[in-house]
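Asker: Pasting coords-v4.txt here (compact mmCIF, C-alpha atoms and all ligand atoms):
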```txt
# COMPACT_ATOMS: atom_id res chain seq x y z
CA MET A 1 55.68 93.04 63.43
CA SER A 2 54.09 94.09 66.72
CA ASN A 3 55.91 94.45 70.07
CA GLN A 4 54.57 91.07 71.14
CA GLU A 5 55.41 89.28 67.90
CA ILE A 6 58.98 90.57 67.91
CA PHE A 7 59.52 89.74 71.56
CA ASP A 8 58.02 86.24 71.28
CA GLU A 9 60.25 85.53 68.29
CA SER A 10 63.29 87.04 70.06
CA LYS A 11 62.91 84.57 72.92
CA LYS A 12 63.76 81.78 70.46
CA TYR A 13 67.13 83.28 69.67
CA MET A 14 68.25 85.19 72.78
CA PRO A 15 67.89 83.93 76.38
CA GLY A 16 64.82 85.68 77.79
CA GLY A 17 64.59 87.59 74.50
CA VAL A 18 67.15 90.14 75.70
CA ASN A 19 70.83 90.98 75.84
CA SER A 20 70.81 92.34 79.39
CA PRO A 21 68.54 90.77 82.05
CA VAL A 22 66.62 93.78 83.44
CA ARG A 23 65.23 94.54 79.99
CA ALA A 24 63.02 91.45 80.19
CA TYR A 25 60.65 93.06 82.80
CA ARG A 26 60.23 89.63 84.40
CA ASP A 27 59.46 90.99 87.87
CA MET A 28 56.83 93.29 86.42
CA GLY A 29 54.86 90.33 85.04
CA ILE A 30 54.68 91.71 81.50
CA ASP A 31 56.78 91.57 78.36
CA PRO A 32 58.65 94.79 77.57
CA PRO A 33 57.74 97.18 74.77
CA VAL A 34 60.13 96.81 71.84
CA MET A 35 61.65 100.17 71.08
CA LYS A 36 61.93 101.54 67.59
CA SER A 37 62.98 105.19 67.70
CA GLY A 38 63.73 108.10 69.95
CA LYS A 39 64.03 111.85 69.58
CA GLY A 40 64.62 114.17 72.51
CA VAL A 41 62.82 112.54 75.44
CA ILE A 42 60.11 110.85 73.39
CA ILE A 43 60.66 107.22 72.48
CA LYS A 44 58.37 105.06 70.36
CA ASP A 45 57.77 101.32 70.35
CA GLU A 46 56.94 99.00 67.45
CA ASP A 47 53.18 99.28 68.19
CA GLY A 48 53.42 103.04 67.72
CA ASN A 49 53.04 103.89 71.44
CA GLU A 50 54.93 106.96 72.64
CA TYR A 51 56.60 107.31 76.02
CA ILE A 52 58.25 110.19 77.83
CA ASP A 53 61.58 108.62 78.67
CA PHE A 54 63.02 108.75 82.20
CA VAL A 55 65.43 105.83 81.63
CA LEU A 56 67.58 107.43 78.93
CA ALA A 57 69.34 104.15 78.05
CA TRP A 58 70.14 103.80 81.79
CA GLY A 59 71.78 107.20 81.91
CA PRO A 60 73.81 107.93 78.78
CA MET A 61 71.34 110.13 76.89
CA LEU A 62 71.91 113.30 78.93
CA LEU A 63 71.23 115.38 75.80
CA GLY A 64 68.15 113.36 74.88
CA HIS A 65 67.87 110.80 72.09
CA CYS A 66 69.50 111.43 68.72
CA ASN A 67 70.88 114.88 69.42
CA GLU A 68 71.45 116.40 65.99
CA GLU A 69 75.08 117.41 66.52
CA VAL A 70 75.98 113.98 67.87
CA VAL A 71 74.20 112.25 65.00
CA THR A 72 76.08 114.43 62.51
CA ALA A 73 79.41 113.64 64.17
CA ILE A 74 78.68 109.90 63.93
CA LYS A 75 77.57 110.16 60.28
CA GLU A 76 80.57 112.23 59.26
CA ILE A 77 83.22 110.06 60.87
CA SER A 78 81.74 106.86 59.55
CA GLU A 79 82.31 108.07 55.98
CA SER A 80 86.07 107.88 56.54
CA ALA A 81 87.00 105.99 59.70
CA ILE A 82 85.15 103.08 61.29
CA ALA A 83 87.96 101.05 62.85
CA PHE A 84 91.72 100.73 62.50
CA GLY A 85 93.04 99.15 65.67
CA ALA A 86 95.68 101.89 65.48
CA PRO A 87 96.12 105.28 67.17
CA THR A 88 93.90 108.15 65.94
CA GLU A 89 93.76 111.86 66.67
CA LEU A 90 90.23 111.40 68.01
CA GLU A 91 91.63 109.38 70.92
CA LEU A 92 94.01 112.24 71.66
CA GLN A 93 91.14 114.75 71.63
CA MET A 94 88.96 112.64 73.90
CA SER A 95 91.71 111.69 76.36
CA ARG A 96 92.96 115.28 76.55
CA PHE A 97 89.41 116.47 77.19
CA LEU A 98 88.98 114.10 80.14
CA CYS A 99 92.40 114.85 81.64
CA GLU A 100 91.90 118.60 81.33
CA GLU A 101 88.28 118.76 82.48
CA MET A 102 88.07 116.07 85.18
CA ASP A 103 89.84 116.45 88.51
CA ASN A 104 92.28 113.73 89.58
CA VAL A 105 92.58 112.31 86.07
CA GLU A 106 96.09 112.62 84.63
CA MET A 107 95.98 109.71 82.20
CA VAL A 108 93.24 107.47 80.83
CA ARG A 109 92.74 104.13 79.06
CA PHE A 110 89.61 103.65 76.93
CA VAL A 111 87.63 100.41 76.94
CA ASN A 112 84.18 99.44 75.63
CA SER A 113 81.91 99.30 78.67
CA GLY A 114 81.56 100.20 82.32
CA THR A 115 82.28 96.61 83.32
CA GLU A 116 85.55 96.64 81.44
CA ALA A 117 86.52 99.94 83.03
CA THR A 118 85.90 98.81 86.63
CA MET A 119 87.43 95.33 86.26
CA SER A 120 90.51 96.81 84.59
CA ALA A 121 90.83 99.44 87.32
CA ILE A 122 90.82 96.64 89.91
CA LYS A 123 93.51 94.72 88.04
CA LEU A 124 95.59 97.88 87.83
CA ALA A 125 95.13 98.54 91.56
CA ARG A 126 96.28 94.99 92.31
CA GLY A 127 99.25 95.33 89.97
CA TYR A 128 100.23 98.69 91.47
CA THR A 129 99.88 97.73 95.14
CA GLY A 130 100.90 94.08 94.90
CA LYS A 131 97.86 93.26 97.07
CA ASN A 132 94.91 90.98 96.36
CA LYS A 133 91.72 91.89 98.16
CA ILE A 134 89.14 94.52 97.30
CA ILE A 135 86.32 96.06 99.29
CA LYS A 136 83.08 96.67 97.44
CA PHE A 137 79.83 97.76 99.05
CA ALA A 138 76.59 95.82 99.32
CA GLY A 139 74.08 97.27 96.87
CA CYS A 140 76.71 98.82 94.61
CA TYR A 141 76.98 97.43 91.10
CA HIS A 142 80.18 97.71 89.13
CA GLY A 143 79.34 95.48 86.18
CA HIS A 144 79.28 91.73 85.65
CA PHE A 145 82.93 90.92 86.43
CA ASP A 146 83.06 87.80 88.67
CA GLY A 147 84.74 89.52 91.60
CA PHE A 148 81.97 92.14 91.79
CA LEU A 149 78.97 89.80 91.82
CA VAL A 150 78.78 89.56 95.58
CA GLU A 151 75.80 91.37 97.12
CA ALA A 152 75.57 93.36 93.91
CA GLY A 153 72.83 95.86 93.15
CA SER A 154 71.06 96.62 89.86
CA GLY A 155 69.77 93.57 87.94
CA VAL A 156 71.36 91.12 90.40
CA LEU A 157 69.26 92.60 93.18
CA THR A 158 66.18 93.04 91.01
CA GLU A 159 66.25 89.40 89.93
CA GLY A 160 66.82 88.31 93.54
CA ILE A 161 69.97 86.39 92.57
CA ALA A 162 71.75 85.41 95.82
CA GLY A 163 74.99 84.57 94.12
CA CYS A 164 75.79 83.98 90.49
CA LEU A 165 76.32 80.54 88.97
CA GLY A 166 79.51 80.03 87.03
CA ILE A 167 81.76 81.87 89.45
CA PRO A 168 84.42 79.73 91.17
CA ASN A 169 84.91 80.48 94.88
CA ASP A 170 88.48 81.37 94.01
CA SER A 171 87.20 84.35 91.99
CA ILE A 172 85.38 85.91 94.93
CA LYS A 173 87.60 84.89 97.82
CA ASN A 174 89.34 88.26 97.59
CA THR A 175 86.13 90.31 97.57
CA LEU A 176 85.21 91.84 100.92
CA VAL A 177 81.75 93.35 101.27
CA GLY A 178 81.42 96.69 103.04
CA VAL A 179 78.25 98.27 104.38
CA TYR A 180 77.49 101.55 102.56
CA ASN A 181 77.69 104.56 104.87
CA ASP A 182 78.97 102.44 107.80
CA MET A 183 82.46 103.69 108.66
CA GLU A 184 82.99 101.42 111.62
CA GLN A 185 82.26 98.28 109.67
CA VAL A 186 84.78 99.29 106.97
CA ARG A 187 87.34 100.12 109.64
CA ARG A 188 86.93 96.60 111.01
CA LEU A 189 87.51 95.13 107.53
CA PHE A 190 90.75 97.10 107.29
CA GLU A 191 91.80 96.00 110.76
CA ALA A 192 91.27 92.37 109.80
CA TYR A 193 92.61 92.36 106.23
CA GLY A 194 94.39 95.70 105.79
CA ASP A 195 97.76 94.23 104.75
CA ASP A 196 96.23 92.70 101.65
CA ILE A 197 93.63 95.25 100.47
CA ALA A 198 94.49 96.57 97.00
CA ALA A 199 91.50 98.86 96.62
CA VAL A 200 88.17 100.11 97.83
CA ILE A 201 85.72 100.61 94.97
CA ILE A 202 82.56 102.63 95.51
CA GLU A 203 79.77 104.41 93.68
CA PRO A 204 80.08 107.75 95.53
CA VAL A 205 76.50 108.38 94.47
CA ALA A 206 75.05 104.90 94.25
CA GLY A 207 72.43 104.35 91.59
CA ASN A 208 72.18 100.59 91.70
CA MET A 209 70.26 100.07 94.94
CA GLY A 210 68.19 103.04 93.89
CA VAL A 211 69.84 106.40 94.44
CA VAL A 212 71.75 106.64 97.73
CA LYS A 213 74.44 109.24 98.26
CA ALA A 214 77.49 108.43 100.34
CA GLU A 215 77.83 110.63 103.41
CA ASP A 216 80.78 113.07 103.51
CA GLN A 217 82.35 111.63 106.61
CA PHE A 218 82.04 108.10 105.25
CA ILE A 219 83.91 108.96 102.03
CA GLU A 220 86.51 110.91 104.01
CA THR A 221 87.05 107.88 106.26
CA LEU A 222 87.57 105.66 103.21
CA ARG A 223 90.31 108.01 102.04
CA VAL A 224 92.00 107.99 105.46
CA LEU A 225 91.86 104.19 105.71
CA CYS A 226 93.19 103.71 102.16
CA ASP A 227 96.11 106.05 102.93
CA GLU A 228 96.83 104.36 106.23
CA TYR A 229 96.92 100.87 104.73
CA GLY A 230 98.40 101.66 101.28
CA SER A 231 95.23 100.81 99.33
CA LEU A 232 93.79 102.69 96.36
CA LEU A 233 90.41 104.44 96.42
CA ILE A 234 88.44 103.93 93.21
CA PHE A 235 85.37 106.03 92.43
CA ASP A 236 83.07 104.23 90.04
CA GLU A 237 81.49 107.13 88.18
CA VAL A 238 80.13 105.03 85.31
CA MET A 239 76.66 106.34 86.14
CA SER A 240 77.37 109.54 88.06
CA GLY A 241 80.08 110.96 85.78
CA PHE A 242 78.90 114.08 83.87
CA ARG A 243 75.49 113.29 85.36
CA VAL A 244 75.15 114.51 88.96
CA ALA A 245 77.33 117.53 88.09
CA TYR A 246 79.63 118.51 85.24
CA LYS A 247 82.65 117.32 87.20
CA GLY A 248 80.81 114.28 88.46
CA ALA A 249 80.20 112.87 91.92
CA GLN A 250 83.78 113.50 93.05
CA SER A 251 83.05 117.23 92.93
CA LEU A 252 80.43 116.73 95.66
CA PHE A 253 83.06 115.52 98.14
CA ASN A 254 86.26 116.87 99.56
CA VAL A 255 88.24 113.75 98.72
CA LYS A 256 90.61 112.78 95.90
CA PRO A 257 90.23 109.26 94.52
CA ASP A 258 93.27 107.47 93.05
CA LEU A 259 91.40 105.99 90.09
CA ILE A 260 88.04 106.85 88.50
CA THR A 261 85.91 104.98 86.00
CA TYR A 262 83.48 106.54 83.54
CA ALA A 263 81.18 105.12 80.84
CA LYS A 264 77.55 105.82 79.77
CA ILE A 265 77.42 109.61 79.08
CA ILE A 266 81.01 109.83 77.80
CA GLY A 267 80.16 107.60 74.82
CA GLY A 268 77.21 109.73 73.71
CA GLY A 269 75.10 106.54 73.50
CA LEU A 270 77.74 104.32 71.89
CA PRO A 271 79.63 101.60 73.79
CA CYS A 272 82.45 103.27 75.67
CA GLY A 273 84.20 103.10 79.01
CA VAL A 274 87.36 104.61 80.45
CA TYR A 275 89.46 104.42 83.56
CA GLY A 276 91.98 106.97 84.64
CA GLY A 277 93.79 108.56 87.50
CA ARG A 278 97.24 109.38 88.79
CA ARG A 279 100.00 109.14 86.17
CA GLU A 280 102.29 106.96 88.28
CA ILE A 281 99.49 104.40 88.67
CA MET A 282 98.35 104.54 85.03
CA GLU A 283 101.94 104.03 83.86
CA LYS A 284 101.82 100.55 85.35
CA LEU A 285 99.64 99.61 82.36
CA SER A 286 101.13 97.72 79.44
CA PRO A 287 103.00 98.72 77.22
CA LEU A 288 104.76 100.88 79.87
CA GLY A 289 104.19 98.59 82.82
CA GLY A 290 103.37 95.01 83.63
CA VAL A 291 99.57 95.19 83.94
CA TYR A 292 98.22 93.81 80.66
CA GLN A 293 94.88 95.12 79.42
CA ALA A 294 93.93 95.47 75.77
CA GLY A 295 90.98 95.82 73.37
CA THR A 296 90.53 95.51 69.60
CA MET A 297 87.73 98.08 69.64
CA SER A 298 89.05 100.31 72.44
CA GLY A 299 89.15 103.97 71.42
CA ASN A 300 87.11 103.20 68.29
CA PRO A 301 86.88 106.30 66.03
CA VAL A 302 83.06 106.35 65.76
CA VAL A 303 82.69 106.02 69.53
CA MET A 304 85.32 108.70 70.13
CA ALA A 305 83.58 111.07 67.69
CA ALA A 306 80.23 110.58 69.43
CA GLY A 307 81.89 111.08 72.82
CA ILE A 308 83.81 114.23 71.85
CA SER A 309 80.73 115.75 70.30
CA THR A 310 78.63 114.99 73.41
CA LEU A 311 81.23 116.19 75.89
CA ASN A 312 81.87 119.42 73.96
CA ILE A 313 78.15 120.22 73.92
CA ILE A 314 77.97 119.59 77.66
CA LYS A 315 81.07 121.68 78.36
CA GLU A 316 79.68 124.62 76.39
CA ASN A 317 76.23 124.35 77.98
CA GLN A 318 76.89 123.69 81.64
CA GLU A 319 73.69 125.51 82.57
CA ILE A 320 71.98 122.22 81.72
CA TYR A 321 72.88 121.04 85.23
CA ASN A 322 70.92 123.97 86.73
CA HIS A 323 68.00 123.14 84.48
CA ILE A 324 68.10 119.46 85.46
CA ASN A 325 68.31 120.36 89.14
CA LYS A 326 65.38 122.72 88.81
CA ILE A 327 63.07 120.25 87.08
CA GLY A 328 64.38 117.47 89.34
CA GLU A 329 63.39 119.46 92.40
CA LYS A 330 59.96 120.14 90.94
CA LEU A 331 59.48 116.42 90.25
CA GLN A 332 60.70 115.38 93.69
CA LYS A 333 58.58 117.92 95.58
CA GLY A 334 55.55 117.15 93.44
CA ILE A 335 55.80 113.41 94.11
CA GLU A 336 56.32 113.96 97.84
CA GLU A 337 53.33 116.30 98.05
CA ILE A 338 50.98 114.00 96.13
CA ALA A 339 52.12 111.02 98.26
CA ARG A 340 51.39 113.00 101.44
CA GLU A 341 47.90 113.89 100.20
CA LYS A 342 47.21 110.28 99.27
CA GLY A 343 48.81 108.77 102.37
CA ILE A 344 51.38 106.77 100.38
CA ASN A 345 54.60 105.96 102.26
CA LEU A 346 57.58 106.89 100.16
CA THR A 347 60.97 108.55 100.30
CA VAL A 348 62.48 110.27 97.29
CA ASN A 349 66.29 110.35 96.99
CA ARG A 350 67.68 112.62 94.31
CA VAL A 351 71.14 113.84 93.38
CA GLY A 352 70.95 116.14 90.34
CA GLY A 353 69.44 114.16 87.46
CA MET A 354 69.45 110.81 89.31
CA MET A 355 66.36 110.03 91.36
CA THR A 356 64.57 107.09 93.01
CA VAL A 357 61.10 106.93 94.55
CA PHE A 358 61.47 104.36 97.36
CA PHE A 359 58.18 102.87 98.52
CA THR A 360 59.13 102.58 102.18
CA ASP A 361 58.39 104.27 105.48
CA ARG A 362 62.12 104.57 106.16
CA ASN A 363 63.30 108.12 105.82
CA PRO A 364 66.13 108.71 105.09
CA VAL A 365 67.06 105.80 102.84
CA ARG A 366 70.84 105.68 103.35
CA SER A 367 71.81 102.04 102.99
CA TYR A 368 71.21 98.83 101.10
CA ASP A 369 69.12 97.55 104.03
CA ASP A 370 66.90 100.65 103.87
CA ALA A 371 66.45 100.13 100.12
CA LYS A 372 65.54 96.49 100.65
CA SER A 373 62.75 97.48 103.07
CA CYS A 374 60.68 98.77 100.12
CA ASP A 375 57.24 97.46 99.23
CA LEU A 376 57.99 95.80 95.89
CA GLU A 377 54.33 95.06 95.13
CA MET A 378 53.57 98.77 95.47
CA PHE A 379 56.52 99.59 93.22
CA LYS A 380 55.20 97.18 90.60
CA LYS A 381 51.74 98.81 90.65
CA TYR A 382 53.35 102.24 90.32
CA PHE A 383 55.59 101.10 87.45
CA LEU A 384 52.69 99.55 85.51
CA HIS A 385 50.51 102.60 86.10
CA MET A 386 53.19 104.98 84.80
CA LEU A 387 54.06 102.77 81.82
CA ASN A 388 50.41 102.44 80.82
CA ASN A 389 50.14 106.22 80.95
CA GLY A 390 53.08 106.73 78.61
CA PHE A 391 56.08 107.08 80.94
CA ASN A 392 59.17 104.95 80.51
CA ILE A 393 60.60 104.59 84.02
CA PRO A 394 63.01 101.95 85.37
CA GLN A 395 61.30 98.61 85.87
CA SER A 396 62.97 98.08 89.23
CA GLN A 397 62.82 99.63 92.67
CA PHE A 398 66.61 99.34 92.76
CA GLU A 399 67.46 101.60 89.85
CA SER A 400 67.66 105.32 89.20
CA MET A 401 65.38 107.44 87.05
CA PHE A 402 67.25 109.91 84.87
CA LEU A 403 66.55 113.46 83.76
CA SER A 404 67.99 115.07 80.65
CA ALA A 405 68.77 118.51 79.29
CA VAL A 406 65.66 118.29 77.11
CA HIS A 407 63.05 117.35 79.71
CA THR A 408 60.86 120.38 80.26
CA GLU A 409 58.58 121.60 83.06
CA GLU A 410 55.72 120.39 80.90
CA HIS A 411 57.07 116.83 80.92
CA ILE A 412 57.31 117.03 84.71
CA ASP A 413 53.73 118.39 84.98
CA LYS A 414 52.52 115.47 82.86
CA PHE A 415 54.38 113.00 85.07
CA LEU A 416 52.85 114.51 88.22
CA GLU A 417 49.38 114.53 86.67
CA ALA A 418 49.71 110.81 85.93
CA PHE A 419 51.16 110.07 89.38
CA ARG A 420 48.15 111.83 90.94
CA GLN A 421 45.90 109.25 89.25
CA PHE A 422 47.89 106.36 90.80
CA GLU A 423 45.68 104.15 92.99
CA ALA A 424 48.03 102.66 95.57
C1 LIG B 501 78.12 102.30 88.61
C2 LIG B 501 78.21 101.31 87.50
N1 LIG B 501 79.37 100.70 87.26
C3 LIG B 501 79.50 99.81 86.25
C4 LIG B 501 78.45 99.49 85.44
C5 LIG B 501 78.62 98.52 84.31
O1 LIG B 501 78.59 99.20 83.11
P1 LIG B 501 78.23 98.43 81.73
O2 LIG B 501 76.80 98.02 81.83
O3 LIG B 501 78.51 99.46 80.68
O4 LIG B 501 79.17 97.26 81.65
C6 LIG B 501 77.21 100.10 85.66
C7 LIG B 501 76.05 99.80 84.79
O5 LIG B 501 74.96 100.22 84.99
C8 LIG B 501 77.09 101.04 86.71
O6 LIG B 501 75.94 101.68 86.95
```
Please lay out the structure from this file as C-alpha cells.

Answerer:
Amino acid sequence: MSNQEIFDESKKYMPGGVNSPVRAYRDMGIDPPVMKSGKGVIIKDEDGNEYIDFVLAWGPMLLGHCNEEVVTAIKEISESAIAFGAPTELELQMSRFLCEEMDNVEMVRFVNSGTEATMSAIKLARGYTGKNKIIKFAGCYHGHFDGFLVEAGSGVLTEGIAGCLGIPNDSIKNTLVGVYNDMEQVRRLFEAYGDDIAAVIIEPVAGNMGVVKAEDQFIETLRVLCDEYGSLLIFDEVMSGFRVAYKGAQSLFNVKPDLITYAKIIGGGLPCGVYGGRREIMEKLSPLGGVYQAGTMSGNPVVMAAGISTLNIIKENQEIYNHINKIGEKLQKGIEEIAREKGINLTVNRVGGMMTVFFTDRNPVRSYDDAKSCDLEMFKKYFLHMLNNGFNIPQSQFESMFLSAVHTEEHIDKFLEAFRQFEA
C-alpha cells in the first residue's frame, strides 16, 4: 500500500489516523508520509522516498536509527525475558547507571513515558511537601497530564488549543503559570501563593516552544525561591537529558534540582521514563512511603536492555557531544548566513543537538511570547520545501530539530544546499 492508501485507511480506525496529534501534519495542509524503516539518519516511507532525519523520533535516536549494538541487545534479551512484573538485574544495572552518572540523582523509579515521569514527580512533590499548587511555565510541555495542559507548548500550541476539553476545573485549579525567564513574575507568584506551592517544574532548556534556554539568573532565582518557601524544584529533562550534554541540561547551570525526569534517549527508542532525585524524597514512594505510583510494564526487561545498551555506548563515546556541537554550529551559521543573503528574518536558537529556526525579527527569542511572534505561514513554506527535498524536520514552529551522533558534515551541507533554494 502507498503512503496515501495507508493513511486514508488509518483514519477509519484511529482519530486523525495517528496516535499522537502532531504526527497528523494538519497545520501543514498535507497528510504525513508513512514511515517504514530507518538506518542511521536515513528514514524511508512506504512510497520508497528517503529522508535525512532531523526529528529522530522527537529526540530519542541520539545514536541514529537501529544502532546495531542496541538492536542486538533487544534481540538477545527477547529470547529469554520479555516481561515478568518482578524485579530483574537489568533494572539494577540501569538504575545504578543513572544514579552513578547523573548529578543529583540518588534513587530512581522507572515508568513508561515522559508524561508518567513528570506527573508522578508532581505527585511525589505534593506528597513530600504536603502542599498542593505547582508552577509550570507558559510554553513548556511536560506531557498530557491534566494539570500540565495550561498554556502548554508542543502539540497543544501547534494545534492552537486554548485549553483542553475533558479537564475539570478542579484538576487545574492548583496549576500556576509562570513566565519563562521572568524572575519578577515568578517572585510575585510565590508572594501570593508561596505557602501552598509544592513544586516548580521547568524544562531548563525548553524544546516545546521551539528551543529556548533558561537564563542562569532565572534558574538560580527559582532555586532561591523554592528554598525560601519549602517547595521542590523539578527539572524536566525528558528531552534535554543525555541530549544537550552527557550530564544533561542541569550541567549547564549552577543549580541543584530536587527531582529530575528523563525519558526519550534513556529508552534507546523504546517506551521508557524515569524520575529520580534526593533519597529522602524518593523514599516517600510506596512501598516505603505513602505516595502510591505503580506500573505493570515499568522497568520492562526489553526496555531496560535497550536503555543500558544505549547509555553505555554514549558513556564510552562522549566525544559525540563535541561532534554534535560542531555540526550543529555549522548548520546554525550556515542557515543564518543564507538568511542574511536572502533577506529572510529569522533567529536560530541552539543548545547542543537541539535547534529551532524561528521565523521572526525578534532576536533573541527568550520567551513564549517571542516564539509566538513567528510567521507561521513562512514556517509552513520552509517545512514543505525541506520535506519535498528529502529532509524530515519537525512540522511545527514550536518544536526542536535534533542532531545525532551519525549526522555528518555532508548531511549538513546537503541541508544548507536545499535551504539555499528556499523561496521565501
Ligand atoms: C520536556 C518534555 N516533558 C515531557 C514530555 C512527555 O513525554 P511523553 O511524550 O513520552 O509522554 C515531553 C514530550 O515531548 C517533553 O518534551

Asker: Would you work out the distance separating CA of Thr115 (chain A) from CA of Thr296 (chain A), expressed in Å to one decimal?

Answerer: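 Straight-line distance from CA of Thr115 (chain A) to CA of Thr296 (chain A) works out to 16.0 Å.
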
Asker: Could you please extract the residues within 8 Å of ligand LIG 501 (chain B), counting only C-alpha atoms and all ligand atoms, and hand them back as an mmCIF file with C-alpha atoms, in the frame of the given file?

Answerer:
```
data_model
loop_
_atom_site.group_PDB
_atom_site.id
_atom_site.type_symbol
_atom_site.label_atom_id
_atom_site.label_comp_id
_atom_site.auth_asym_id
_atom_site.auth_seq_id
_atom_site.Cartn_x
_atom_site.Cartn_y
_atom_site.Cartn_z
ATOM 1 C CA TRP A 58 70.140 103.800 81.790
ATOM 2 C CA ASN A 112 84.180 99.440 75.630
ATOM 3 C CA SER A 113 81.910 99.300 78.670
ATOM 4 C CA GLY A 114 81.560 100.200 82.320
ATOM 5 C CA THR A 115 82.280 96.610 83.320
ATOM 6 C CA GLU A 116 85.550 96.640 81.440
ATOM 7 C CA ALA A 117 86.520 99.940 83.030
ATOM 8 C CA THR A 118 85.900 98.810 86.630
ATOM 9 C CA CYS A 140 76.710 98.820 94.610
ATOM 10 C CA TYR A 141 76.980 97.430 91.100
ATOM 11 C CA HIS A 142 80.180 97.710 89.130
ATOM 12 C CA GLY A 143 79.340 95.480 86.180
ATOM 13 C CA HIS A 144 79.280 91.730 85.650
ATOM 14 C CA SER A 154 71.060 96.620 89.860
ATOM 15 C CA GLU A 203 79.770 104.410 93.680
ATOM 16 C CA ALA A 206 75.050 104.900 94.250
ATOM 17 C CA GLY A 207 72.430 104.350 91.590
ATOM 18 C CA ASN A 208 72.180 100.590 91.700
ATOM 19 C CA ASP A 236 83.070 104.230 90.040
ATOM 20 C CA GLU A 237 81.490 107.130 88.180
ATOM 21 C CA VAL A 238 80.130 105.030 85.310
ATOM 22 C CA MET A 239 76.660 106.340 86.140
ATOM 23 C CA SER A 240 77.370 109.540 88.060
ATOM 24 C CA THR A 261 85.910 104.980 86.000
ATOM 25 C CA ALA A 263 81.180 105.120 80.840
ATOM 26 C CA LYS A 264 77.550 105.820 79.770
ATOM 27 C CA PRO A 271 79.630 101.600 73.790
ATOM 28 C CA CYS A 272 82.450 103.270 75.670
ATOM 29 C CA GLY A 273 84.200 103.100 79.010
#
```

Asker: Just give me the gap between CA of Glu220 (chain A) and CA of Lys256 (chain A) in Å, one decimal is fine.

Answerer: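 Computed distance, CA of Glu220 (chain A) to CA of Lys256 (chain A), equals 9.3 Å.
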
Asker: Can you tell me how far CA of Leu416 (chain A) sits from CA of Thr360 (chain A), in Å to one decimal?

Answerer: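 Atom-to-atom, CA of Leu416 (chain A) to CA of Thr360 (chain A), that is 19.4 Å.
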
Asker: Hey, which of A:Val18, A:Ala192, A:Ile135, A:Met378 ends up closest to Phe359 (chain A)? Count all atoms listed in the file.

Answerer: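 Of the candidates, the smallest distance to Phe359 (chain A) is held by A:Met378.
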
Asker: Output as a PDB file, keeping the file's coordinate frame: region 284-300 of chain A, completed with N, CA and C atoms.

Answerer:
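Saved the output as out31.pdb:
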```pdb
ATOM      1  N   LYS A 284     101.618 101.988  85.091  1.00  0.00           N
ATOM      2  CA  LYS A 284     101.820 100.550  85.350  1.00  0.00           C
ATOM      3  C   LYS A 284     101.158  99.693  84.270  1.00  0.00           C
ATOM      4  N   LEU A 285     100.328 100.363  83.412  1.00  0.00           N
ATOM      5  CA  LEU A 285      99.640  99.610  82.360  1.00  0.00           C
ATOM      6  C   LEU A 285     100.589  99.280  81.216  1.00  0.00           C
ATOM      7  N   SER A 286     100.398  98.103  80.638  1.00  0.00           N
ATOM      8  CA  SER A 286     101.130  97.720  79.440  1.00  0.00           C
ATOM      9  C   SER A 286     100.763  98.706  78.310  1.00  0.00           C
ATOM     10  N   PRO A 287     101.637  99.214  77.446  1.00  0.00           N
ATOM     11  CA  PRO A 287     103.000  98.720  77.220  1.00  0.00           C
ATOM     12  C   PRO A 287     104.063  99.322  78.127  1.00  0.00           C
ATOM     13  N   LEU A 288     103.701 100.289  79.032  1.00  0.00           N
ATOM     14  CA  LEU A 288     104.760 100.880  79.870  1.00  0.00           C
ATOM     15  C   LEU A 288     105.068  99.989  81.051  1.00  0.00           C
ATOM     16  N   GLY A 289     104.012  99.388  81.608  1.00  0.00           N
ATOM     17  CA  GLY A 289     104.190  98.590  82.820  1.00  0.00           C
ATOM     18  C   GLY A 289     103.695  97.176  82.632  1.00  0.00           C
ATOM     19  N   GLY A 290     103.633  96.449  83.729  1.00  0.00           N
ATOM     20  CA  GLY A 290     103.370  95.010  83.630  1.00  0.00           C
ATOM     21  C   GLY A 290     101.917  94.601  83.726  1.00  0.00           C
ATOM     22  N   VAL A 291     100.987  95.571  83.841  1.00  0.00           N
ATOM     23  CA  VAL A 291      99.570  95.190  83.940  1.00  0.00           C
ATOM     24  C   VAL A 291      98.994  95.147  82.527  1.00  0.00           C
ATOM     25  N   TYR A 292      98.675  93.942  82.048  1.00  0.00           N
ATOM     26  CA  TYR A 292      98.220  93.810  80.660  1.00  0.00           C
ATOM     27  C   TYR A 292      96.713  93.997  80.553  1.00  0.00           C
ATOM     28  N   GLN A 293      96.306  94.897  79.702  1.00  0.00           N
ATOM     29  CA  GLN A 293      94.880  95.120  79.420  1.00  0.00           C
ATOM     30  C   GLN A 293      94.803  95.678  78.018  1.00  0.00           C
ATOM     31  N   ALA A 294      93.942  95.103  77.186  1.00  0.00           N
ATOM     32  CA  ALA A 294      93.930  95.470  75.770  1.00  0.00           C
ATOM     33  C   ALA A 294      92.519  95.422  75.205  1.00  0.00           C
ATOM     34  N   GLY A 295      92.318  95.901  73.972  1.00  0.00           N
ATOM     35  CA  GLY A 295      90.980  95.820  73.370  1.00  0.00           C
ATOM     36  C   GLY A 295      90.995  96.178  71.893  1.00  0.00           C
ATOM     37  N   THR A 296      90.559  95.260  71.047  1.00  0.00           N
ATOM     38  CA  THR A 296      90.530  95.510  69.600  1.00  0.00           C
ATOM     39  C   THR A 296      89.748  96.788  69.285  1.00  0.00           C
ATOM     40  N   MET A 297      88.618  96.962  69.963  1.00  0.00           N
ATOM     41  CA  MET A 297      87.730  98.080  69.640  1.00  0.00           C
ATOM     42  C   MET A 297      87.954  99.311  70.531  1.00  0.00           C
ATOM     43  N   SER A 298      88.862  99.202  71.498  1.00  0.00           N
ATOM     44  CA  SER A 298      89.050 100.310  72.440  1.00  0.00           C
ATOM     45  C   SER A 298      89.480 101.588  71.733  1.00  0.00           C
ATOM     46  N   GLY A 299      88.813 102.691  72.048  1.00  0.00           N
ATOM     47  CA  GLY A 299      89.150 103.970  71.420  1.00  0.00           C
ATOM     48  C   GLY A 299      88.652 104.055  69.983  1.00  0.00           C
ATOM     49  N   ASN A 300      87.667 103.237  69.659  1.00  0.00           N
ATOM     50  CA  ASN A 300      87.110 103.200  68.290  1.00  0.00           C
ATOM     51  C   ASN A 300      86.727 104.598  67.783  1.00  0.00           C
TER      52      ASN A 300
END
```
